[in-house]
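Peer 1: This structure is in structure tokens; I'll ask about it shortly.
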Amino acid sequence: MSLEGKVALVTGGSRGIGEAIALRLAEQGADVAVCASRSLERAQEVATRIETTGRKSLALQADVADEEAVTGLFKQIEDELGPVGILINNAGINRDGLMMRLKLEDWDAVLNVNLRGAYLCTKVAARPMMKARSGRIVNISSVVGLRGNAGQANYAASKAGLIGLTKSTAREFASRGITVNAVCPGYIPTEMTEGIPEDAKEALLAQIPLGRMGSPDEIAAAVGFLASDDAAYITGQAVVVDGGMVM
Ligand code: NAD
């Protein structure tokens with residue numbers, strides 16, 4: 001599963017699942033750029049840890065929903081590390097609320113980061129990948145994108161949208177040697193899930209046949225596989241990593 005000689009970008013790689021993915025790809029031999037929306041300091045900490053493994057790294061601040069910022073992000077990575085051969089669209093936010101109370105600004109914010117962000121990054125990443133006739137794109141979706149969730153219409157729509165984006169781009173890019181897959185995590189404790197009330201956490205846990213929450217490393221392992229040559233014949237898939245919650 002060696003990624004030696006490859007350059008990866010993990011959006012939202014400053015913490016949580018993105019941080020685990022960035023470290024995993026570096027362990028497999030890739031040079032890894034991590035971008036965060038705000039905290040450059042945390043992205044820099046991840047980059048420093050990557051550098052201790054002997055790989056090159058770059059910490060960047062960019063809002064993935066901003067077209068100009070995304071163009072600048074890829075330009076800087078290309079200048080300093082080389083063209084991105086592995087794109088992990090991981091950046092994501094939630095702004096939960098029941099549909100009848102869901103504010104338009106919360107709908108737009110979530111769709112903009114989670115879906116528009118992946119669209120923008122994919123579009124910029126794909127051109128050099130097409131030229132190189134190789135590339136890997138992994139979109140971090142969610143089990144919520146497969147089965148919906150009360151109180152998360154915006155988030156579920158964005159994550160289901162990512163699966164549509166994955167399958168369409170997988171079909172479009174296949175002839176150029178680029179694979180596109182989605183990973184759908186179940187319930188993974190991170191700063192994103194910190195705010196879930198205890199009783200809701202208990203109820204979630206009761207739905208998981210393996211009887212426990214997942215770890216960011218368990219998501220990163222699936223991403224590391226999909227990013228590697230071992231997964232060359234897998235494209236257009238939504239790989240569920242959820243302890244059996246959705247089956
Ligand atoms: P997190 O909140 O800990 O991390 C989110 C990351 O995204 C941060 O690094 C943040 O800086 C970055 N980010 C947010 N907005 C951004 C923007 N506009 N531009 C660039 N970066 C931005 O969340 P996490 O739990 O690690 O989630 C990572 C991904 O996994 C998300 O897409 C999330 O929807 C998905 N996911 C998480 C879970 C879970 O249970 N934690 C389950 C399913 C899917």
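How things are named: the first chain in the structure tokens is A, the next is B, and so on; residues count from 1 in each chain; ligands count from 1 in the order shown.
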Taking only C-alpha atoms and all ligand atoms into account, report as a PyMOL selection string which residues have an atom no farther than 8 Å from an atom of ligand 1.
Peer 2: chain A and resi 11-19+35-39+43+61-66+89-94+112-114+117+140-144+155+159+184-193+216
Peer 1: Return as JSON, numbers by chain the full set of residues in segment 55-207 of chain A whose backbone-based DSSP assignment is helix (DSSP H, G or I).
Peer 2: {"A": [67, 68, 69, 70, 71, 72, 73, 74, 75, 76, 77, 78, 79, 80, 99, 100, 101, 104, 105, 106, 107, 108, 109, 110, 111, 112, 113, 114, 115, 116, 117, 118, 119, 120, 121, 122, 123, 124, 125, 126, 127, 128, 129, 130, 131, 132, 144, 145, 146, 147, 153, 154, 155, 156, 157, 158, 159, 160, 161, 162, 163, 164, 165, 166, 167, 168, 169, 170, 171, 172, 173, 174, 175, 176, 198, 199, 200, 201, 202, 203, 204, 205]}
Peer 1: Write out as JSON, numbers by chain the set of residues from segment 41-76 of chain A that DSSP, computed on the backbone, places in strand (DSSP E or B).
Peer 2: {"A": [57, 58, 59, 60, 61]}
Peer 1: Excluding Gly97 of chain A and residues on its chain fewer than 5 positions from it, collect all residues at most 7 Å away from it, counting only C-alpha atoms, and give them as an MDAnalysis selection string.
Peer 2: chainID A and resid 102 151:152
Peer 1: Between atom CA of Pro128 of chain A and atom CA of Pro83 of chain A, what is the distance, to one decimal in Å?
Peer 2: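 Atom CA of Pro128 of chain A sits 6.8 Å away from atom CA of Pro83 of chain A.
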Peer 1: So the first atom is atom CA of Met129 of chain A and the second is atom CA of Thr169 of chain A; what is the distance between them in Å, to one decimal place?
Peer 2: 12.7 Å
Peer 1: Identify which of the residues A:Val124, A:Ala22, A:Leu210, A:Ala69 lies closest to Ala227 of chain A, counting only C-alpha atoms when measuring atom-to-atom distances.
Peer 2: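 Using only C-alpha atoms, the shortest distance to Ala227 of chain A belongs to A:Ala22.
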Peer 1: For each of A:Gly177, A:Gly211, A:Gly145, A:Pro197, take the minimum atom-to-atom distance to Tyr233 of chain A, counting only C-alpha atoms, then give the residue where this is smallest.
Peer 2: A:Gly177
Peer 1: So, with only C-alpha atoms as the atoms that count, which of A:Leu40, A:Ile77, A:Val70, A:Ala203 lies closest to Ser57 of chain A?
Peer 2: A:Ile77
Peer 1: Near Gly236 of chain A, within 8 Å and counting only C-alpha atoms, which residues show up once chain neighbours fewer than 2 positions away are dropped, as JSON, numbers by chain?
Peer 2: {"A": [166, 167, 168, 169, 170, 171, 179, 180, 181, 182, 234, 238]}
Peer 1: Name all residues at most 7 Å from Ile86 of chain A (count only C-alpha atoms; drop same-chain ones fewer than 2 positions away) and give them as a list in words.
Peer 2: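 Here the qualifying residues turn out to be Val7, Ala8, Leu9, Val84, Ile88, Gly135, Arg136, Ile137 and Ala227 of chain A.
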Peer 1: For the atom pair atom CA of Val241 of chain A and atom CA of Ala26 of chain A, what is the interatomic distance in Å to one decimal place?
Peer 2: 21.1 Å
